[in-house]
Amino acid sequence: MAICLWCDCDIVPHITWPSLFSPEKPTRLCQACTYRLYKLQGPRCRICSRETEESTCHDCAWWAQYFNNEDVLAFNYAIYLYNDHMKDIITKWKYRGDYVLGHMFADVFYETFQRVFSNLKEEVLVVPIPLSDERLAERGFNQAEMLAHFLCEQPSSFVERVQGEKQSKKTRQERILSKNHFKIKKRINKPVILVDDIYTTGATLRHVAVQLRKNGCPKVYGFTLARG
Amino acid sequence: MSSNDMTPSQVIPPTTDLAQIYAGKCLLRNEIMLDNIQFEVLLNQGIFKPLPSFHRKFLWHQCNRCGNDKASLLGTIPCARCHTSHLYCRKCIEMGRVMTCEPLYAWAGPDPIWPCHLQPCTWEGQLTSAQQQGASCVADAITQGRSELLVWAVCGAGKTEMLFQGITEALKQGKRICIATPRADVVRELKPRMQRAFKGVSIQALFGGSAERDGTAQLIIATTHQLLRFQKAFDVMIIDEVDAFPFHADPSLPFATYRAKKTLGTTIYLTATPRKQQRNRIKRQKLPHVFIPNRYHGHPLPVPQMRMTRTLAKALRAYYLPDSCITWLKKRQNPQRQLLIFIPEIALAKQLLTPLAKTLITERVIEDVDSVSYVHAHDPERLEKVKQFRQKELSVLLTTTILERGVTFPSVDVIVLNAGHDIFDEAALVQISGRAGRSADDPTGEVVFFHDGKTEAMMQAIKQIKMMNERGGF
Ligand SMILES: [Zn+2]
Ligand SMILES: [Zn+2]
Ligand SMILES: [Zn+2]
């Protein structure tokens with residue numbers, strides 16, 4: 001019997017006629033824990049995936065203007081809303097370091113990736129947002145890298161985070177204009193899909209995107225588990 | 001620190017100071033507030049001893065901090081530091097991750113010296129003769145260094161006061177004491193009472209999110225969970241509500257309380273409703289015990305009445321109060337009493353609240369809808385609502401089993417809606433019944449089980465209450 005990764009209860013298998021003939025993949029979450037996750041589904045901002053009636057949300061319009069109508073990020077696709085349940089899961093997974101919790105997202109992350117990015121004709125590079133060496137040593141793993149591994153065998157690792165002060169103390173403006181903490185180790189000539197756990201302000205993805213574009217990358221996309 | 005500093009070995013605080021902080025603990029490196037140089041020195045001197053974080057049991061592993069050996073709660077992580085995969089414990093991860101590449105550290109330096117207090121007790125109250133009997137047994141067990149004693153005291157016996165004498169004796173001998181309880185609410189409530197009773201003694205309360213964290217006092221009041229950081233720390237371990245969920249359901253909690261006491265320490269169990277396992281040990285004379293069947297005010301326990309209500313399921317499904325309930329409401333002995341209504345599920349509480357308020361207004365039990373509220377375990381306003389009920393700002397409180405124990409209201413009638421539900425086991429029903437008649441001013445109170453079919457639990461609960469009254473001389 002499968003056991004729920006989140007609440008450790010036994011998962012009662014859900015037997016329906018179709019599932020008798022084609023057994024479904026083992027679920028990692030019980031029904032109650034699955035229901036509490038909210039998949040973004042209605043109309044969304046075409047840039048950042050926030051649920052909204054507008055085609056481009058207020059924040060993304062601001063970004064477009066900031067980059068003189070050429071946002072460095074083509075778009076970011078997010079799967080879930082960053083609700084309280086998601087917040088609890090991500091906190092335990094990433095900050096407490098409960099590595100195996102990430103497995104609950106393996107299938108949905110891969111399947112959504114196939115659906116959203118399959119129309120990209122050329123070869124793309126999957127790049128997880130790196131952690132600083134210090135953070136990595138502290139946590140033992142990088143959650144973005146774990147997500148990227150669900151998509152491909154060998155995610156690229158030519159982006160590096162150079163040591164910098166903590167971001168949270170600054171205002172948004174200061175944060176955007178402050179020193180870019182990312183470095184690209186080589187020239188890139190293929191489009192890149194940046195992978196991270198949450199899209200909050202979009203500043204991190206764009207920081208990396210700016211550097212990638214400077215180093216020859218033609219297009220940068222984002223793919224995140226949640227939209228904050 | 002300035003650069004003309006002393007050499008590292010000189011900056012190490014004296015081991016007697018460190019012993020007060022680290023002795024009796026089992027910690028991860030990042031829980032030890034010493035820099036790497038200081039720590040290295042102490043490790044080389046053998047003052048801290050590394051322990052493997054997991055312990056191999058035949059085919060499986062056990063976490064050495066929390067005792068967890070459940071496969072689904074042991075994870076594997078590819079460690080970025082070591083570039084290999086490790087085992088880690090998911091069970092106790094909220095307290096920092098225990099993994100194979102990082103040992104736990106235990107103090108192996110000199111034992112800390114706790115003060116011997118001459119006259120530590122500042123409590124001036126009087127014990128009843130029943131309480132005195134319990135208090136003497138506890139004190140004897142402690143002074144004679146016996147390993148175990150179970151205090152079986154009915155709800156409302158005043159068990160906290162029964163501990164004072166034993167704690168006093170322990171403090172006189174310079175012993176270290178822990179009171180462990182499953183609920184954080186109880187820890188919060190117990191701390192000021194202990195501080196008043198032992199004014200000159202260092203006392204700390206530890207629970208998830210408590211301001212005090214280091215656990216360096218001579219008298220510690222903690223949730224059982226917080227004891228996972230201790231090892232051979234206490235001479236006296238008092239376990240409150242030893243039968244309570246989750247203590248009774250979660251194997252890591254008995255593990256933690258057992259490990260936190262010294263090998264030759266004394267364990268005192270407190271309970272109003274011992275579980276079968278404990279009762280069997282008592283019967284076989286394997287567990288010394290003292291039985292206190294009398295409440296502190298000297299009146300018997302209210303015996304629950306059973307009310308067969310055929311329409312119960314139908315009424316609850318449609319969210320109204322069954323007729324038998326209304327009939328009972330009209331004929332209550334003392335309509336002045338507040339009303340505590342136990343229900344099996346939170347969902348029911350939400351739905352029942354408004355119709356219930358309307359009925360109660362019609363029956364003149366309350367005057368407006370704001371006099372009724374409900375609480376459950378995850379209610380963020382739980383403490384506030386309980387306080388309002390205690391201050392009589394609320395007349396009626398709907399509750400799940402969360403209020404079955406540990407809370408005292410002076411004058412209430414108690415009803416259980418659907419007492420036949422599985423969640424109401426024998427212990428729960430005895431505890432619930434024990435909420436009534438708690439004060440000397442109103443020592444009685446009605447307890448009614450509304451059901452649509454008697455259960456073994458209901459009958460056993462009533463039998464147990466009657467037995468206790470009988471043994472109490474009524
Ligand atoms: Zn679950
Ligand atoms: Zn947007
Ligand atoms: Zn553990």
# chains A, B, ... in the order shown; residues from 1 in each chain; ligands from 1

call {"tool": "residues_near_ligand", "arguments": {"ligand": "ligand 2", "cutoff": "10 Å", "atoms": "only C-alpha atoms and all ligand atoms", "output": "PDB file with all heavy atoms, in the first residue's frame"}}
result
ATOM      1  N   ARG A  44      -4.954  33.334 -17.324  1.00  0.00           N
ATOM      2  CA  ARG A  44      -3.756  33.728 -16.592  1.00  0.00           C
ATOM      3  C   ARG A  44      -2.941  34.741 -17.378  1.00  0.00           C
ATOM      4  O   ARG A  44      -3.093  34.872 -18.592  1.00  0.00           O
ATOM      5  CB  ARG A  44      -2.902  32.507 -16.299  1.00  0.00           C
ATOM      6  CG  ARG A  44      -2.502  31.714 -17.543  1.00  0.00           C
ATOM      7  CD  ARG A  44      -1.467  30.664 -17.227  1.00  0.00           C
ATOM      8  NE  ARG A  44      -2.002  29.490 -16.546  1.00  0.00           N
ATOM      9  CZ  ARG A  44      -1.247  28.594 -15.936  1.00  0.00           C
ATOM     10  NH1 ARG A  44       0.068  28.745 -15.909  1.00  0.00           N
ATOM     11  NH2 ARG A  44      -1.775  27.555 -15.352  1.00  0.00           N
ATOM     12  N   CYS A  45      -2.091  35.449 -16.681  1.00  0.00           N
ATOM     13  CA  CYS A  45      -1.177  36.389 -17.320  1.00  0.00           C
ATOM     14  C   CYS A  45      -0.271  35.583 -18.245  1.00  0.00           C
ATOM     15  O   CYS A  45       0.323  34.589 -17.822  1.00  0.00           O
ATOM     16  CB  CYS A  45      -0.367  37.116 -16.250  1.00  0.00           C
ATOM     17  SG  CYS A  45       1.031  38.027 -16.937  1.00  0.00           S
ATOM     18  N   ARG A  46      -0.185  35.980 -19.498  1.00  0.00           N
ATOM     19  CA  ARG A  46       0.589  35.175 -20.449  1.00  0.00           C
ATOM     20  C   ARG A  46       2.083  35.222 -20.151  1.00  0.00           C
ATOM     21  O   ARG A  46       2.853  34.423 -20.652  1.00  0.00           O
ATOM     22  CB  ARG A  46       0.306  35.617 -21.893  1.00  0.00           C
ATOM     23  CG  ARG A  46       0.776  37.007 -22.188  1.00  0.00           C
ATOM     24  CD  ARG A  46       0.315  37.530 -23.543  1.00  0.00           C
ATOM     25  NE  ARG A  46       0.684  38.943 -23.623  1.00  0.00           N
ATOM     26  CZ  ARG A  46       1.875  39.366 -24.012  1.00  0.00           C
ATOM     27  NH1 ARG A  46       2.797  38.506 -24.375  1.00  0.00           N
ATOM     28  NH2 ARG A  46       2.145  40.657 -24.030  1.00  0.00           N
ATOM     29  N   ILE A  47       2.509  36.163 -19.322  1.00  0.00           N
ATOM     30  CA  ILE A  47       3.932  36.246 -18.985  1.00  0.00           C
ATOM     31  C   ILE A  47       4.266  35.456 -17.713  1.00  0.00           C
ATOM     32  O   ILE A  47       5.192  34.667 -17.695  1.00  0.00           O
ATOM     33  CB  ILE A  47       4.376  37.713 -18.786  1.00  0.00           C
ATOM     34  CG1 ILE A  47       4.026  38.556 -20.014  1.00  0.00           C
ATOM     35  CG2 ILE A  47       5.872  37.807 -18.466  1.00  0.00           C
ATOM     36  CD1 ILE A  47       4.766  38.174 -21.284  1.00  0.00           C
ATOM     37  N   CYS A  48       3.508  35.681 -16.625  1.00  0.00           N
ATOM     38  CA  CYS A  48       3.958  35.121 -15.350  1.00  0.00           C
ATOM     39  C   CYS A  48       3.049  34.026 -14.787  1.00  0.00           C
ATOM     40  O   CYS A  48       3.340  33.468 -13.731  1.00  0.00           O
ATOM     41  CB  CYS A  48       4.109  36.227 -14.313  1.00  0.00           C
ATOM     42  SG  CYS A  48       2.531  36.869 -13.737  1.00  0.00           S
ATOM     43  N   SER A  49       1.918  33.745 -15.450  1.00  0.00           N
ATOM     44  CA  SER A  49       0.980  32.695 -15.018  1.00  0.00           C
ATOM     45  C   SER A  49       0.064  33.078 -13.864  1.00  0.00           C
ATOM     46  O   SER A  49      -0.726  32.251 -13.408  1.00  0.00           O
ATOM     47  CB  SER A  49       1.701  31.392 -14.619  1.00  0.00           C
ATOM     48  OG  SER A  49       2.151  30.728 -15.748  1.00  0.00           O
ATOM     49  N   ARG A  50       0.127  34.299 -13.389  1.00  0.00           N
ATOM     50  CA  ARG A  50      -0.800  34.694 -12.327  1.00  0.00           C
ATOM     51  C   ARG A  50      -2.232  34.609 -12.863  1.00  0.00           C
ATOM     52  O   ARG A  50      -2.494  34.967 -13.999  1.00  0.00           O
ATOM     53  CB  ARG A  50      -0.490  36.132 -11.901  1.00  0.00           C
ATOM     54  CG  ARG A  50      -1.583  36.770 -11.061  1.00  0.00           C
ATOM     55  CD  ARG A  50      -1.358  38.246 -10.891  1.00  0.00           C
ATOM     56  NE  ARG A  50      -0.375  38.478  -9.844  1.00  0.00           N
ATOM     57  CZ  ARG A  50       0.302  39.612  -9.707  1.00  0.00           C
ATOM     58  NH1 ARG A  50       0.122  40.590 -10.557  1.00  0.00           N
ATOM     59  NH2 ARG A  50       1.162  39.753  -8.724  1.00  0.00           N
ATOM     60  N   GLU A  51      -3.159  34.149 -12.044  1.00  0.00           N
ATOM     61  CA  GLU A  51      -4.551  34.085 -12.481  1.00  0.00           C
ATOM     62  C   GLU A  51      -5.113  35.499 -12.559  1.00  0.00           C
ATOM     63  O   GLU A  51      -5.140  36.211 -11.564  1.00  0.00           O
ATOM     64  CB  GLU A  51      -5.387  33.246 -11.507  1.00  0.00           C
ATOM     65  CG  GLU A  51      -5.261  31.756 -11.756  1.00  0.00           C
ATOM     66  CD  GLU A  51      -6.261  30.942 -10.948  1.00  0.00           C
ATOM     67  OE1 GLU A  51      -6.734  31.435  -9.917  1.00  0.00           O
ATOM     68  OE2 GLU A  51      -6.555  29.806 -11.368  1.00  0.00           O
ATOM     69  N   THR A  52      -5.522  35.895 -13.751  1.00  0.00           N
ATOM     70  CA  THR A  52      -6.068  37.234 -13.944  1.00  0.00           C
ATOM     71  C   THR A  52      -6.825  37.263 -15.266  1.00  0.00           C
ATOM     72  O   THR A  52      -6.585  36.452 -16.157  1.00  0.00           O
ATOM     73  CB  THR A  52      -4.942  38.308 -13.961  1.00  0.00           C
ATOM     74  OG1 THR A  52      -5.515  39.554 -14.369  1.00  0.00           O
ATOM     75  CG2 THR A  52      -3.823  37.953 -14.922  1.00  0.00           C
ATOM     76  N   GLU A  54      -6.724  39.910 -17.179  1.00  0.00           N
ATOM     77  CA  GLU A  54      -5.895  40.668 -18.118  1.00  0.00           C
ATOM     78  C   GLU A  54      -4.916  39.740 -18.827  1.00  0.00           C
ATOM     79  O   GLU A  54      -4.463  38.765 -18.238  1.00  0.00           O
ATOM     80  CB  GLU A  54      -5.086  41.727 -17.357  1.00  0.00           C
ATOM     81  CG  GLU A  54      -5.941  42.799 -16.710  1.00  0.00           C
ATOM     82  CD  GLU A  54      -5.172  43.523 -15.616  1.00  0.00           C
ATOM     83  OE1 GLU A  54      -4.637  42.849 -14.711  1.00  0.00           O
ATOM     84  OE2 GLU A  54      -5.099  44.765 -15.689  1.00  0.00           O
ATOM     85  N   SER A  55      -4.564  40.062 -20.044  1.00  0.00           N
ATOM     86  CA  SER A  55      -3.643  39.170 -20.746  1.00  0.00           C
ATOM     87  C   SER A  55      -2.226  39.355 -20.211  1.00  0.00           C
ATOM     88  O   SER A  55      -1.433  38.424 -20.184  1.00  0.00           O
ATOM     89  CB  SER A  55      -3.707  39.409 -22.254  1.00  0.00           C
ATOM     90  OG  SER A  55      -2.968  40.563 -22.594  1.00  0.00           O
ATOM     91  N   THR A  56      -1.892  40.576 -19.792  1.00  0.00           N
ATOM     92  CA  THR A  56      -0.611  40.812 -19.131  1.00  0.00           C
ATOM     93  C   THR A  56      -0.915  41.522 -17.821  1.00  0.00           C
ATOM     94  O   THR A  56      -1.598  42.547 -17.823  1.00  0.00           O
ATOM     95  CB  THR A  56       0.299  41.720 -19.978  1.00  0.00           C
ATOM     96  OG1 THR A  56       0.397  41.162 -21.279  1.00  0.00           O
ATOM     97  CG2 THR A  56       1.683  41.824 -19.364  1.00  0.00           C
ATOM     98  N   CYS A  57      -0.422  40.970 -16.735  1.00  0.00           N
ATOM     99  CA  CYS A  57      -0.774  41.574 -15.449  1.00  0.00           C
ATOM    100  C   CYS A  57       0.019  42.865 -15.225  1.00  0.00           C
ATOM    101  O   CYS A  57       0.988  43.152 -15.925  1.00  0.00           O
ATOM    102  CB  CYS A  57      -0.565  40.579 -14.315  1.00  0.00           C
ATOM    103  SG  CYS A  57       1.153  40.367 -13.832  1.00  0.00           S
ATOM    104  N   HIS A  58      -0.393  43.564 -14.229  1.00  0.00           N
ATOM    105  CA  HIS A  58       0.195  44.832 -13.861  1.00  0.00           C
ATOM    106  C   HIS A  58       1.718  44.734 -13.670  1.00  0.00           C
ATOM    107  O   HIS A  58       2.476  45.520 -14.215  1.00  0.00           O
ATOM    108  CB  HIS A  58      -0.482  45.278 -12.563  1.00  0.00           C
ATOM    109  CG  HIS A  58       0.025  46.553 -12.026  1.00  0.00           C
ATOM    110  ND1 HIS A  58      -0.376  47.773 -12.534  1.00  0.00           N
ATOM    111  CD2 HIS A  58       0.919  46.801 -11.051  1.00  0.00           C
ATOM    112  CE1 HIS A  58       0.252  48.726 -11.877  1.00  0.00           C
ATOM    113  NE2 HIS A  58       1.053  48.170 -10.966  1.00  0.00           N
ATOM    114  N   ASP A  59       2.130  43.721 -12.920  1.00  0.00           N
ATOM    115  CA  ASP A  59       3.560  43.575 -12.643  1.00  0.00           C
ATOM    116  C   ASP A  59       4.363  43.303 -13.912  1.00  0.00           C
ATOM    117  O   ASP A  59       5.461  43.822 -14.084  1.00  0.00           O
ATOM    118  CB  ASP A  59       3.804  42.434 -11.648  1.00  0.00           C
ATOM    119  CG  ASP A  59       3.440  42.850 -10.233  1.00  0.00           C
ATOM    120  OD1 ASP A  59       3.324  44.076  -9.983  1.00  0.00           O
ATOM    121  OD2 ASP A  59       3.266  41.951  -9.385  1.00  0.00           O
ATOM    122  N   CYS A  60       3.794  42.469 -14.770  1.00  0.00           N
ATOM    123  CA  CYS A  60       4.526  42.126 -15.988  1.00  0.00           C
ATOM    124  C   CYS A  60       4.595  43.316 -16.946  1.00  0.00           C
ATOM    125  O   CYS A  60       5.567  43.471 -17.687  1.00  0.00           O
ATOM    126  CB  CYS A  60       3.921  40.903 -16.657  1.00  0.00           C
ATOM    127  SG  CYS A  60       4.177  39.433 -15.637  1.00  0.00           S
ATOM    128  N   ALA A  61       3.542  44.140 -16.925  1.00  0.00           N
ATOM    129  CA  ALA A  61       3.573  45.364 -17.720  1.00  0.00           C
ATOM    130  C   ALA A  61       4.714  46.250 -17.221  1.00  0.00           C
ATOM    131  O   ALA A  61       5.457  46.860 -18.007  1.00  0.00           O
ATOM    132  CB  ALA A  61       2.236  46.098 -17.610  1.00  0.00           C
ATOM    133  N   TRP A  62       4.869  46.264 -15.908  1.00  0.00           N
ATOM    134  CA  TRP A  62       5.942  47.050 -15.301  1.00  0.00           C
ATOM    135  C   TRP A  62       7.313  46.539 -15.759  1.00  0.00           C
ATOM    136  O   TRP A  62       8.191  47.302 -16.120  1.00  0.00           O
ATOM    137  CB  TRP A  62       5.828  46.974 -13.775  1.00  0.00           C
ATOM    138  CG  TRP A  62       6.801  47.861 -13.063  1.00  0.00           C
ATOM    139  CD1 TRP A  62       6.625  49.151 -12.668  1.00  0.00           C
ATOM    140  CD2 TRP A  62       8.140  47.505 -12.664  1.00  0.00           C
ATOM    141  NE1 TRP A  62       7.752  49.624 -12.047  1.00  0.00           N
ATOM    142  CE2 TRP A  62       8.691  48.639 -12.037  1.00  0.00           C
ATOM    143  CE3 TRP A  62       8.920  46.350 -12.789  1.00  0.00           C
ATOM    144  CZ2 TRP A  62       9.991  48.658 -11.522  1.00  0.00           C
ATOM    145  CZ3 TRP A  62      10.208  46.355 -12.284  1.00  0.00           C
ATOM    146  CH2 TRP A  62      10.733  47.509 -11.654  1.00  0.00           C
ATOM    147  N   TRP A  63       7.451  45.224 -15.773  1.00  0.00           N
ATOM    148  CA  TRP A  63       8.717  44.626 -16.220  1.00  0.00           C
ATOM    149  C   TRP A  63       8.997  44.978 -17.677  1.00  0.00           C
ATOM    150  O   TRP A  63      10.126  45.303 -18.043  1.00  0.00           O
ATOM    151  CB  TRP A  63       8.683  43.101 -16.086  1.00  0.00           C
ATOM    152  CG  TRP A  63       8.967  42.586 -14.710  1.00  0.00           C
ATOM    153  CD1 TRP A  63       8.120  41.870 -13.923  1.00  0.00           C
ATOM    154  CD2 TRP A  63      10.183  42.718 -13.971  1.00  0.00           C
ATOM    155  NE1 TRP A  63       8.720  41.561 -12.735  1.00  0.00           N
ATOM    156  CE2 TRP A  63       9.995  42.071 -12.731  1.00  0.00           C
ATOM    157  CE3 TRP A  63      11.405  43.341 -14.230  1.00  0.00           C
ATOM    158  CZ2 TRP A  63      10.976  42.007 -11.746  1.00  0.00           C
ATOM    159  CZ3 TRP A  63      12.388  43.284 -13.247  1.00  0.00           C
ATOM    160  CH2 TRP A  63      12.177  42.625 -12.022  1.00  0.00           C
ATOM    161  N   PHE A  75       8.341  34.108 -21.118  1.00  0.00           N
ATOM    162  CA  PHE A  75       7.231  33.898 -20.192  1.00  0.00           C
ATOM    163  C   PHE A  75       7.659  32.895 -19.133  1.00  0.00           C
ATOM    164  O   PHE A  75       8.664  32.201 -19.297  1.00  0.00           O
ATOM    165  CB  PHE A  75       5.951  33.428 -20.916  1.00  0.00           C
ATOM    166  CG  PHE A  75       6.016  32.052 -21.498  1.00  0.00           C
ATOM    167  CD1 PHE A  75       5.822  30.923 -20.703  1.00  0.00           C
ATOM    168  CD2 PHE A  75       6.271  31.856 -22.867  1.00  0.00           C
ATOM    169  CE1 PHE A  75       5.877  29.645 -21.246  1.00  0.00           C
ATOM    170  CE2 PHE A  75       6.337  30.578 -23.408  1.00  0.00           C
ATOM    171  CZ  PHE A  75       6.146  29.474 -22.592  1.00  0.00           C
ATOM    172  N   ASN A  76       6.885  32.829 -18.045  1.00  0.00           N
ATOM    173  CA  ASN A  76       7.120  31.810 -17.028  1.00  0.00           C
ATOM    174  C   ASN A  76       5.843  31.014 -16.866  1.00  0.00           C
ATOM    175  O   ASN A  76       4.778  31.589 -16.660  1.00  0.00           O
ATOM    176  CB  ASN A  76       7.488  32.443 -15.686  1.00  0.00           C
ATOM    177  CG  ASN A  76       7.582  31.396 -14.584  1.00  0.00           C
ATOM    178  OD1 ASN A  76       8.478  30.566 -14.587  1.00  0.00           O
ATOM    179  ND2 ASN A  76       6.627  31.418 -13.660  1.00  0.00           N
ATOM    180  N   THR A 201       8.424  37.585  -7.271  1.00  0.00           N
ATOM    181  CA  THR A 201       8.401  38.882  -7.958  1.00  0.00           C
ATOM    182  C   THR A 201       8.880  38.730  -9.394  1.00  0.00           C
ATOM    183  O   THR A 201       8.669  39.606 -10.218  1.00  0.00           O
ATOM    184  CB  THR A 201       9.340  39.873  -7.261  1.00  0.00           C
ATOM    185  OG1 THR A 201      10.679  39.354  -7.316  1.00  0.00           O
ATOM    186  CG2 THR A 201       8.945  40.108  -5.821  1.00  0.00           C
ATOM    187  N   GLY A 202       9.556  37.640  -9.671  1.00  0.00           N
ATOM    188  CA  GLY A 202      10.102  37.449 -11.007  1.00  0.00           C
ATOM    189  C   GLY A 202      11.495  38.038 -11.154  1.00  0.00           C
ATOM    190  O   GLY A 202      12.109  37.962 -12.214  1.00  0.00           O
ATOM    191  N   ARG A 227       3.275  29.818  -8.389  1.00  0.00           N
ATOM    192  CA  ARG A 227       3.263  31.260  -8.607  1.00  0.00           C
ATOM    193  C   ARG A 227       2.893  31.887  -7.269  1.00  0.00           C
ATOM    194  O   ARG A 227       1.819  31.624  -6.716  1.00  0.00           O
ATOM    195  CB  ARG A 227       2.232  31.615  -9.678  1.00  0.00           C
ATOM    196  CG  ARG A 227       1.962  33.112  -9.880  1.00  0.00           C
ATOM    197  CD  ARG A 227       3.167  33.792 -10.503  1.00  0.00           C
ATOM    198  NE  ARG A 227       2.913  35.206 -10.825  1.00  0.00           N
ATOM    199  CZ  ARG A 227       3.145  36.228  -9.999  1.00  0.00           C
ATOM    200  NH1 ARG A 227       3.629  36.004  -8.792  1.00  0.00           N
ATOM    201  NH2 ARG A 227       2.912  37.465 -10.384  1.00  0.00           N
TER     202      ARG A 227
END

call {"tool": "select_by_dssp", "arguments": {"residues": "range 326-462 of chain B", "states": "strand (DSSP E)", "output": "PyMOL selection string"}}
result
chain B and resi 338-342+372-375+396-399+412-417+447-451

call {"tool": "residues_near_ligand", "arguments": {"ligand": "ligand 3", "cutoff": "8 Å", "atoms": "only C-alpha atoms and all ligand atoms", "output": "list in words"}}
result
Gln62, Cys63, Asn64, Arg65, Cys66, Gly67, Asn68, Tyr88, Cys89, Arg90, Lys91, Cys92, Ile93, Arg97 and Val98 of chain B

call {"tool": "write_last_selection", "arguments": {"atoms": "N, CA, C and O atoms", "output": "PDB file, in the first residue's frame"}}
result
ATOM      1  N   GLN B  62      17.077   2.940  12.679  1.00  0.00           N
ATOM      2  CA  GLN B  62      16.304   3.715  13.640  1.00  0.00           C
ATOM      3  C   GLN B  62      17.026   5.035  13.875  1.00  0.00           C
ATOM      4  O   GLN B  62      18.245   5.063  14.061  1.00  0.00           O
ATOM      5  N   CYS B  63      16.274   6.120  13.883  1.00  0.00           N
ATOM      6  CA  CYS B  63      16.852   7.438  14.139  1.00  0.00           C
ATOM      7  C   CYS B  63      17.241   7.500  15.614  1.00  0.00           C
ATOM      8  O   CYS B  63      16.437   7.202  16.486  1.00  0.00           O
ATOM      9  N   ASN B  64      18.466   7.915  15.866  1.00  0.00           N
ATOM     10  CA  ASN B  64      18.916   7.947  17.255  1.00  0.00           C
ATOM     11  C   ASN B  64      18.431   9.168  18.024  1.00  0.00           C
ATOM     12  O   ASN B  64      18.654   9.275  19.216  1.00  0.00           O
ATOM     13  N   ARG B  65      17.803  10.102  17.356  1.00  0.00           N
ATOM     14  CA  ARG B  65      17.231  11.210  18.114  1.00  0.00           C
ATOM     15  C   ARG B  65      15.793  10.926  18.511  1.00  0.00           C
ATOM     16  O   ARG B  65      15.406  11.164  19.648  1.00  0.00           O
ATOM     17  N   CYS B  66      14.984  10.428  17.557  1.00  0.00           N
ATOM     18  CA  CYS B  66      13.557  10.296  17.882  1.00  0.00           C
ATOM     19  C   CYS B  66      13.090   8.851  17.940  1.00  0.00           C
ATOM     20  O   CYS B  66      11.935   8.595  18.259  1.00  0.00           O
ATOM     21  N   GLY B  67      13.954   7.910  17.598  1.00  0.00           N
ATOM     22  CA  GLY B  67      13.562   6.516  17.703  1.00  0.00           C
ATOM     23  C   GLY B  67      12.726   6.031  16.527  1.00  0.00           C
ATOM     24  O   GLY B  67      12.282   4.890  16.498  1.00  0.00           O
ATOM     25  N   ASN B  68      12.499   6.881  15.534  1.00  0.00           N
ATOM     26  CA  ASN B  68      11.694   6.502  14.389  1.00  0.00           C
ATOM     27  C   ASN B  68      12.354   5.387  13.583  1.00  0.00           C
ATOM     28  O   ASN B  68      13.524   5.478  13.246  1.00  0.00           O
ATOM     29  N   TYR B  88      18.149   9.994   5.977  1.00  0.00           N
ATOM     30  CA  TYR B  88      17.815  11.072   6.913  1.00  0.00           C
ATOM     31  C   TYR B  88      16.461  10.790   7.529  1.00  0.00           C
ATOM     32  O   TYR B  88      15.668  10.026   6.983  1.00  0.00           O
ATOM     33  N   CYS B  89      16.213  11.391   8.690  1.00  0.00           N
ATOM     34  CA  CYS B  89      14.969  11.121   9.397  1.00  0.00           C
ATOM     35  C   CYS B  89      13.951  12.196   9.067  1.00  0.00           C
ATOM     36  O   CYS B  89      14.190  13.378   9.260  1.00  0.00           O
ATOM     37  N   ARG B  90      12.790  11.767   8.562  1.00  0.00           N
ATOM     38  CA  ARG B  90      11.738  12.718   8.214  1.00  0.00           C
ATOM     39  C   ARG B  90      10.866  13.021   9.421  1.00  0.00           C
ATOM     40  O   ARG B  90      10.181  14.040   9.472  1.00  0.00           O
ATOM     41  N   LYS B  91      10.880  12.115  10.377  1.00  0.00           N
ATOM     42  CA  LYS B  91       9.979  12.226  11.515  1.00  0.00           C
ATOM     43  C   LYS B  91      10.303  13.452  12.380  1.00  0.00           C
ATOM     44  O   LYS B  91       9.429  14.192  12.778  1.00  0.00           O
ATOM     45  N   CYS B  92      11.588  13.645  12.679  1.00  0.00           N
ATOM     46  CA  CYS B  92      11.939  14.722  13.607  1.00  0.00           C
ATOM     47  C   CYS B  92      12.594  15.884  12.878  1.00  0.00           C
ATOM     48  O   CYS B  92      13.323  16.672  13.477  1.00  0.00           O
ATOM     49  N   ILE B  93      12.324  16.001  11.581  1.00  0.00           N
ATOM     50  CA  ILE B  93      13.036  16.981  10.752  1.00  0.00           C
ATOM     51  C   ILE B  93      12.741  18.430  11.143  1.00  0.00           C
ATOM     52  O   ILE B  93      13.554  19.314  10.921  1.00  0.00           O
ATOM     53  N   ARG B  97      17.565  18.536  10.539  1.00  0.00           N
ATOM     54  CA  ARG B  97      17.649  17.233   9.881  1.00  0.00           C
ATOM     55  C   ARG B  97      18.769  16.359  10.440  1.00  0.00           C
ATOM     56  O   ARG B  97      19.925  16.770  10.479  1.00  0.00           O
ATOM     57  N   VAL B  98      18.387  15.161  10.848  1.00  0.00           N
ATOM     58  CA  VAL B  98      19.369  14.165  11.284  1.00  0.00           C
ATOM     59  C   VAL B  98      19.725  13.326  10.066  1.00  0.00           C
ATOM     60  O   VAL B  98      18.845  12.758   9.435  1.00  0.00           O
TER      61      VAL B  98
END

call {"tool": "interface_residues", "arguments": {"of": "chain A", "to": "chain B", "cutoff": "7 Å", "atoms": "only C-alpha atoms", "output": "PyMOL selection string"}}
result
chain A and resi 96-100+136-137+140-141

call {"tool": "residues_around", "arguments": {"residues": "Gln132 in chain B", "least_positions_apart": "3", "cutoff": "10 Å", "atoms": "only C-alpha atoms", "output": "PyMOL selection string"}}
result
chain B and resi 126-129+135-138+161-163+165+292

call {"tool": "residues_near_ligand", "arguments": {"ligand": "ligand 1", "cutoff": "8 Å", "atoms": "only C-alpha atoms and all ligand atoms", "output": "PyMOL selection string"}}
result
chain A and resi 3-9+11+29-34
